[in-house]
file entry.txt (compact mmCIF, C-alpha atoms)
# COMPACT_ATOMS: atom_id res chain seq x y z
CA MET U 1 26.49 166.54 121.38
CA ALA U 2 26.01 162.78 121.26
CA PRO U 3 26.75 161.06 117.91
CA ARG U 4 23.14 160.05 117.32
CA ALA U 5 21.83 163.51 118.15
CA ALA U 6 24.35 165.05 115.78
CA MET U 7 23.19 162.76 113.01
CA ARG U 8 19.55 163.70 113.56
CA GLN U 9 20.37 167.40 113.43
CA ALA U 10 22.49 167.07 110.30
CA GLY U 11 20.21 164.67 108.52
CA GLY U 12 16.86 166.35 109.00
CA VAL U 13 13.85 164.26 110.01
CA ASP U 14 14.80 160.83 111.25
CA GLY U 15 14.19 158.30 108.49
CA ASP U 16 14.53 160.67 105.51
CA ALA U 17 17.26 160.60 102.87
CA GLY U 18 19.25 163.32 104.61
CA ALA U 19 18.15 166.96 104.26
CA GLU U 20 21.06 169.33 103.63
CA LEU U 21 22.07 171.60 106.47
CA GLU U 22 24.27 174.66 105.95
CA VAL U 23 27.28 174.41 108.26
CA VAL U 24 30.57 176.15 108.89
CA VAL U 25 33.55 173.79 108.91
CA GLY U 26 36.26 174.97 111.24
CA VAL U 27 39.69 174.04 109.87
CA ALA U 28 42.71 175.57 111.61
CA ASP U 29 41.96 179.32 111.63
CA ARG U 30 39.48 179.17 108.72
CA ALA U 31 35.69 179.04 108.73
CA LEU U 32 34.66 177.25 105.54
CA PRO U 33 31.00 177.05 104.45
CA GLY U 34 29.58 173.63 103.75
CA LEU U 35 26.51 171.50 103.17
CA LEU U 36 26.09 168.50 105.47
CA ALA U 37 23.46 165.80 105.09
CA ILE U 38 23.39 162.51 106.98
CA PRO U 39 20.59 159.94 106.58
CA SER U 40 19.41 157.86 109.50
CA ASP U 41 21.80 155.00 110.30
CA PRO U 42 24.22 155.89 107.48
CA ALA U 43 26.49 153.28 105.94
CA GLY U 44 29.14 156.00 106.02
CA VAL U 45 29.78 159.67 105.35
CA VAL U 46 31.64 160.95 102.28
CA VAL U 47 33.57 164.23 102.24
CA PHE U 48 33.78 165.86 98.81
CA ALA U 49 36.88 167.57 97.40
CA HIS U 50 35.92 169.72 94.43
CA GLY U 51 38.22 170.54 91.55
CA SER U 52 39.83 173.81 90.50
CA GLY U 53 37.40 176.67 89.99
CA SER U 54 34.56 174.84 91.72
CA SER U 55 32.94 174.96 95.17
CA ARG U 56 30.47 173.27 97.48
CA ARG U 57 27.79 174.33 94.95
CA SER U 58 29.22 172.18 92.13
CA PRO U 59 26.18 170.80 90.26
CA ARG U 60 28.07 167.65 89.30
CA ASN U 61 29.08 166.88 92.85
CA ALA U 62 25.55 167.75 94.00
CA LEU U 63 24.12 165.07 91.70
CA VAL U 64 26.57 162.50 93.02
CA ALA U 65 25.81 163.53 96.60
CA ARG U 66 22.07 163.06 96.09
CA THR U 67 22.70 159.58 94.72
CA LEU U 68 24.90 158.70 97.70
CA ARG U 69 22.27 159.88 100.16
CA ALA U 70 19.60 157.87 98.40
CA ALA U 71 21.89 154.88 98.93
CA GLY U 72 22.14 155.61 102.66
CA VAL U 73 25.49 157.42 102.64
CA GLY U 74 25.88 160.86 104.22
CA THR U 75 27.69 163.71 102.47
CA LEU U 76 29.71 166.81 103.31
CA LEU U 77 30.39 169.29 100.52
CA PHE U 78 32.45 172.28 101.64
CA ASP U 79 34.67 175.00 100.21
CA LEU U 80 38.29 173.95 100.57
CA LEU U 81 39.41 177.61 100.39
CA ASP U 82 37.92 180.80 101.78
CA ASP U 83 37.07 183.67 99.43
CA ALA U 84 40.41 185.43 99.82
CA GLU U 85 42.43 182.25 99.30
CA ALA U 86 40.46 181.32 96.20
CA LEU U 87 41.60 184.54 94.48
CA ASP U 88 45.14 183.14 94.37
CA ARG U 89 45.19 180.52 91.61
CA ALA U 90 48.25 178.90 93.16
CA ASN U 91 46.11 177.80 96.12
CA VAL U 92 43.69 176.00 93.80
CA PHE U 93 46.49 173.66 92.74
CA ASP U 94 48.22 173.39 96.12
CA VAL U 95 47.54 169.71 96.76
CA PRO U 96 49.11 169.56 100.26
CA LEU U 97 47.03 172.58 101.33
CA LEU U 98 43.82 171.07 99.98
CA ALA U 99 44.62 167.70 101.56
CA GLY U 100 45.11 169.44 104.90
CA ARG U 101 41.67 171.00 104.58
CA LEU U 102 40.15 167.55 103.98
CA GLU U 103 41.91 166.20 107.04
CA GLY U 104 40.64 169.15 109.05
CA ALA U 105 37.08 168.54 107.84
CA THR U 106 37.43 164.90 108.84
CA ALA U 107 38.46 165.91 112.35
CA TRP U 108 35.58 168.41 112.47
CA LEU U 109 33.07 165.69 111.59
CA ARG U 110 34.40 163.42 114.31
CA GLU U 111 35.02 165.94 117.07
CA GLU U 112 32.52 168.73 116.50
CA ARG U 113 29.62 166.86 114.90
CA GLY U 114 30.02 163.59 116.75
CA VAL U 115 29.91 161.51 113.57
CA ASP U 116 31.22 157.99 114.19
CA ALA U 117 30.23 156.36 110.89
CA PRO U 118 32.97 155.19 108.47
CA LEU U 119 34.35 158.01 106.33
CA GLY U 120 35.26 158.20 102.65
CA TYR U 121 36.46 160.83 100.16
CA PHE U 122 35.10 161.76 96.74
CA GLY U 123 37.48 163.91 94.69
CA ALA U 124 37.13 165.56 91.30
CA SER U 125 39.97 166.89 89.15
CA THR U 126 42.70 168.26 91.47
CA GLY U 127 40.48 167.40 94.42
CA ALA U 128 41.15 163.73 93.69
CA ALA U 129 44.85 164.23 94.35
CA ALA U 130 44.03 166.01 97.60
CA ALA U 131 41.74 163.15 98.60
CA LEU U 132 44.46 160.58 97.99
CA VAL U 133 47.10 162.54 99.90
CA ALA U 134 44.70 162.95 102.82
CA ALA U 135 43.92 159.24 102.69
CA ALA U 136 47.64 158.47 102.75
CA ASP U 137 48.05 160.72 105.80
CA LEU U 138 45.07 159.31 107.73
CA GLY U 139 45.52 155.63 106.91
CA ASP U 140 42.76 153.38 108.23
CA ALA U 141 40.64 156.38 109.22
CA VAL U 142 39.54 156.63 105.57
CA GLY U 143 37.48 153.68 104.37
CA ALA U 144 37.28 154.37 100.63
CA VAL U 145 38.14 156.92 97.94
CA VAL U 146 36.44 157.67 94.61
CA SER U 147 37.90 159.93 91.92
CA ARG U 148 35.80 161.51 89.13
CA GLY U 149 37.83 162.66 86.16
CA GLY U 150 40.62 163.13 88.65
CA ARG U 151 44.31 163.87 88.58
CA PRO U 152 45.59 161.18 90.96
CA ASP U 153 49.02 161.59 89.37
CA LEU U 154 49.33 164.88 91.27
CA ALA U 155 49.52 162.86 94.49
CA GLY U 156 52.93 161.74 93.24
CA ASP U 157 54.97 159.56 95.57
CA ARG U 158 52.14 159.43 98.11
CA LEU U 159 50.13 157.02 95.94
CA PRO U 160 51.79 153.83 97.27
CA GLU U 161 50.95 154.98 100.83
CA VAL U 162 47.19 155.04 100.26
CA ALA U 163 45.54 152.16 102.14
CA ALA U 164 41.91 152.93 101.25
CA PRO U 165 40.23 151.00 98.41
CA THR U 166 40.16 153.45 95.50
CA LEU U 167 37.90 153.72 92.46
CA LEU U 168 39.14 155.87 89.57
CA ILE U 169 36.31 156.89 87.21
CA VAL U 170 37.32 158.38 83.86
CA GLY U 171 35.53 159.20 80.64
CA GLY U 172 36.42 156.96 77.71
CA ALA U 173 36.96 160.01 75.48
CA ASP U 174 39.15 161.79 78.04
CA ASP U 175 42.34 160.32 76.58
CA VAL U 176 45.02 162.25 78.46
CA VAL U 177 43.37 161.90 81.88
CA LEU U 178 42.62 158.24 81.21
CA ASP U 179 46.31 157.58 80.60
CA LEU U 180 47.27 159.48 83.77
CA ASN U 181 44.80 157.42 85.79
CA ARG U 182 46.11 154.16 84.37
CA ARG U 183 49.63 155.12 85.44
CA ALA U 184 48.46 156.21 88.89
CA ALA U 185 46.60 152.93 89.39
CA GLY U 186 49.78 151.07 88.56
CA ALA U 187 51.63 152.96 91.29
CA MET U 188 49.12 152.14 94.03
CA ARG U 189 49.35 149.20 96.44
CA ALA U 190 45.83 149.43 97.84
CA GLU U 191 42.84 147.85 96.14
CA VAL U 192 42.24 149.99 93.06
CA GLU U 193 39.83 149.78 90.13
CA LEU U 194 39.67 151.90 86.99
CA ALA U 195 36.13 152.39 85.69
CA VAL U 196 35.76 153.87 82.21
CA VAL U 197 32.46 155.49 81.21
CA PRO U 198 32.24 154.83 77.45
CA ASP U 199 32.42 157.91 75.17
CA ALA U 200 32.30 160.35 78.08
CA THR U 201 34.48 163.46 78.07
CA HIS U 202 36.22 165.09 81.02
CA LEU U 203 33.14 166.70 82.60
CA PHE U 204 30.80 163.78 81.89
CA GLU U 205 28.36 166.11 80.11
CA GLU U 206 26.99 163.42 77.81
CA PRO U 207 23.44 162.18 78.54
CA GLY U 208 23.50 159.64 81.35
CA ALA U 209 27.28 159.82 81.87
CA LEU U 210 27.22 161.59 85.23
CA GLU U 211 24.47 159.28 86.44
CA GLN U 212 26.79 156.36 85.69
CA VAL U 213 29.50 158.04 87.75
CA ALA U 214 27.10 158.50 90.65
CA ALA U 215 25.92 154.89 90.52
CA LEU U 216 29.50 153.58 90.45
CA ALA U 217 30.47 155.79 93.38
CA ALA U 218 27.44 154.78 95.45
CA ALA U 219 28.14 151.09 94.90
CA TRP U 220 31.82 151.53 95.83
CA PHE U 221 31.10 153.42 99.03
CA ARG U 222 28.30 151.08 100.06
CA ARG U 223 30.60 148.11 99.57
CA HIS U 224 33.67 149.43 101.34
CA LEU U 225 32.29 151.76 104.00
CA ALA U 226 29.74 149.21 105.16
CA ALA U 227 32.52 146.63 105.39
CA GLY U 228 34.51 149.06 107.49

call {"tool": "encode", "arguments": {"input": "entry.txt", "output": "C-alpha cells"}}
result
Amino acid sequence: MAPRAAMRQAGGVDGDAGAELEVVVGVADRALPGLLAIPSDPAGVVVFAHGSGSSRRSPRNALVARTLRAAGVGTLLFDLLDDAEALDRANVFDVPLLAGRLEGATAWLREERGVDAPLGYFGASTGAAAALVAAADLGDAVGAVVSRGGRPDLAGDRLPEVAAPTLLIVGGADDVVLDLNRRAAGAMRAEVELAVVPDATHLFEEPGALEQVAALAAAWFRRHLAAG
C-alpha cells in the first residue's frame, strides 16, 4: 500500500481530523490491538505508551490524542501487552520489554502501514521510561518525546543516549515524581524541558490540568516533528 493511500485509510475521510480505525499491531509474534488515526498531511504521528494498569482505552491518553489530531498530528494508541502477558505484573514494569513493543510498533507503522511522516512518542508513568529507551535505541528515527507524569528515571543509564527533544510534564503537587523528573532531565544530553502544571497531582485530575498537558504536548510535537 502506498504511503498516501495508507494515510487515507487510517485517517478516515481526506481532510478530516483523523477518524480512529481499529487495527492490529504485529510485533514479533504478538498481535496487539490498537487505535490508529492519521489526519490528512500530518505534521507527524505519535505512538502512545500507556502506564501500568492502563491500555489503549486510557481516557487521559484519549484526550491528549484528540488534541494532537486537532493540531494535525496522527496518533497510535495500542496495548503494549497481550491479555495473557498483562496478567503478570512483572511485565507491566519491564521497561526493556515495553520499549521493544514501541520499537516494533514503529516498524509496523513504517513497513505495514506505509507511514512516512516524522514519528514521536508520548509516554505516561512507566510508559515514559519505555518511550525514552526506545528513543535511545532508534536514534534519529524518533523526532520528539513527551512524558506525562512519567518515570523517566526508570530509563536509567539510557537517558544520556536519547537524541530526541524531550518534554517532561509533571504536576506541581506531585512532589516525588517532580523530583525524579528533575534528576532525569539533568542526566539527559538532548534538548529537554520540564513543564510543571501548577497544583496538579499525579493523574492531572484537577479541572483544566489535563487540557494543559494536551496543549503542551501538541505544541511540542508540532514544533519538533514539523522541523524533522

call {"tool": "residues_around", "arguments": {"input": "entry.txt", "residues": "U:Glu103", "least_positions_apart": "5", "cutoff": "10 Å", "atoms": "all atoms listed in the file", "output": "list in words"}}
result
Val27, Val47, Leu97, Leu98, Trp108, Leu109, Ala130, Ala131, Val133, Ala134, Ala135, Asp137, Leu138 and Val142 of chain U

call {"tool": "atom_distance", "arguments": {"input": "entry.txt", "atom1": "atom CA of U:Glu85", "atom2": "atom CA of U:Val162"}}
result
27.6 Å

call {"tool": "closest_residue", "arguments": {"input": "entry.txt", "among": "U:Ala185, U:Ile38, U:Val92, U:Ala209", "to": "U:Val73", "atoms": "all atoms listed in the file"}}
result
U:Ile38

call {"tool": "atom_distance", "arguments": {"input": "entry.txt", "atom1": "atom CA of U:Glu191", "atom2": "atom CA of U:Pro160"}}
result
10.8 Å

call {"tool": "residues_near_point", "arguments": {"input": "entry.txt", "point": "(34.6, 170.3, 97.4)", "cutoff": "9 Å", "atoms": "only C-alpha atoms", "output": "list in words"}}
result
Gly34, Val47, Phe48, Ala49, His50, Gly51, Ser54, Ser55, Arg56, Arg57, Ser58, Asn61, Leu76, Leu77, Phe78, Asp79, Leu80, Phe122, Gly123, Ala124 and Gly127 of chain U

call {"tool": "atom_distance", "arguments": {"input": "entry.txt", "atom1": "atom CA of U:Ala227", "atom2": "atom CA of U:Ala136"}}
result
19.4 Å

call {"tool": "closest_residue", "arguments": {"input": "entry.txt", "among": "U:Leu178, U:Ala62, U:Ser125, U:Leu87", "to": "U:Asp199", "atoms": "only C-alpha atoms"}}
result
U:Leu178

call {"tool": "closest_residue", "arguments": {"input": "entry.txt", "among": "U:Ala218, U:Val170, U:Ala31, U:Leu210", "to": "U:Arg60", "atoms": "only C-alpha atoms"}}
result
U:Leu210

call {"tool": "closest_residue", "arguments": {"input": "entry.txt", "among": "U:Glu22, U:Asp41, U:Asp153, U:Glu161", "to": "U:Ala190", "atoms": "all atoms listed in the file"}}
result
U:Glu161

call {"tool": "residues_around", "arguments": {"input": "entry.txt", "residues": "U:Ala141", "least_positions_apart": "5", "cutoff": "9 Å", "atoms": "all atoms listed in the file", "output": "list in words"}}
result
Pro118, Leu119, Gly120, Ala135 and Ala164 of chain U

call {"tool": "residues_near_point", "arguments": {"input": "entry.txt", "point": "(41.8, 160.7, 77.0)", "cutoff": "12 Å", "atoms": "all atoms listed in the file", "output": "list in words"}}
result
Gly149, Gly150, Val170, Gly171, Gly172, Ala173, Asp174, Asp175, Val176, Val177, Leu178, Asp179, Leu180, Asn181, Arg182, Val196, Val197, Pro198, Asp199, Ala200, Thr201, His202 and Leu203 of chain U

call {"tool": "residues_around", "arguments": {"input": "entry.txt", "residues": "U:Trp220", "least_positions_apart": "2", "cutoff": "12 Å", "atoms": "only C-alpha atoms", "output": "PyMOL selection string"}}
result
chain U and resi 43-44+46+68+71+73+120-122+143-147+164-169+191-195+213-218+222-227

call {"tool": "closest_residue", "arguments": {"input": "entry.txt", "among": "U:Ala155, U:Val115, U:Ala70, U:Glu211", "to": "U:Asp94", "atoms": "all atoms listed in the file"}}
result
U:Ala155

call {"tool": "decode", "arguments": {"input": "entry.txt", "residues": "stretch 66-81 of chain U", "atoms": "N, CA and C atoms", "output": "short mmCIF file (atom, residue, chain, number, x, y, z; two decimals), in the first residue's frame"}}
result
data_model
loop_
_atom_site.label_atom_id
_atom_site.label_comp_id
_atom_site.auth_asym_id
_atom_site.auth_seq_id
_atom_site.Cartn_x
_atom_site.Cartn_y
_atom_site.Cartn_z
N ARG U 66 -6.82 13.27 21.03
CA ARG U 66 -7.76 14.12 20.30
C ARG U 66 -7.17 15.51 20.07
N THR U 67 -6.49 16.03 21.07
CA THR U 67 -5.87 17.35 20.94
C THR U 67 -4.76 17.32 19.89
N LEU U 68 -3.97 16.25 19.87
CA LEU U 68 -2.91 16.14 18.87
C LEU U 68 -3.50 16.08 17.46
N ARG U 69 -4.57 15.32 17.30
CA ARG U 69 -5.15 15.20 15.96
C ARG U 69 -5.75 16.52 15.50
N ALA U 70 -6.34 17.26 16.45
CA ALA U 70 -6.87 18.57 16.09
C ALA U 70 -5.75 19.51 15.66
N ALA U 71 -4.53 19.24 16.12
CA ALA U 71 -3.36 20.05 15.75
C ALA U 71 -2.66 19.49 14.51
N GLY U 72 -3.25 18.47 13.88
CA GLY U 72 -2.67 17.93 12.66
C GLY U 72 -1.63 16.86 12.86
N VAL U 73 -1.66 16.20 14.03
CA VAL U 73 -0.69 15.14 14.34
C VAL U 73 -1.45 13.82 14.48
N GLY U 74 -1.02 12.79 13.78
CA GLY U 74 -1.65 11.49 13.88
C GLY U 74 -1.29 10.78 15.17
N THR U 75 -2.09 9.76 15.52
CA THR U 75 -1.86 9.05 16.78
C THR U 75 -2.05 7.56 16.61
N LEU U 76 -1.27 6.80 17.37
CA LEU U 76 -1.44 5.36 17.50
C LEU U 76 -1.44 5.02 18.99
N LEU U 77 -2.57 4.55 19.48
CA LEU U 77 -2.68 4.05 20.84
C LEU U 77 -2.85 2.54 20.74
N PHE U 78 -2.00 1.76 21.40
CA PHE U 78 -2.10 0.31 21.30
C PHE U 78 -1.71 -0.32 22.64
N ASP U 79 -2.17 -1.56 22.83
CA ASP U 79 -1.83 -2.29 24.04
C ASP U 79 -0.41 -2.82 23.93
N LEU U 80 0.43 -2.46 24.88
CA LEU U 80 1.82 -2.90 24.81
C LEU U 80 1.97 -4.37 25.17
N LEU U 81 0.98 -4.95 25.86
CA LEU U 81 0.99 -6.36 26.25
C LEU U 81 -0.31 -7.01 25.78
#
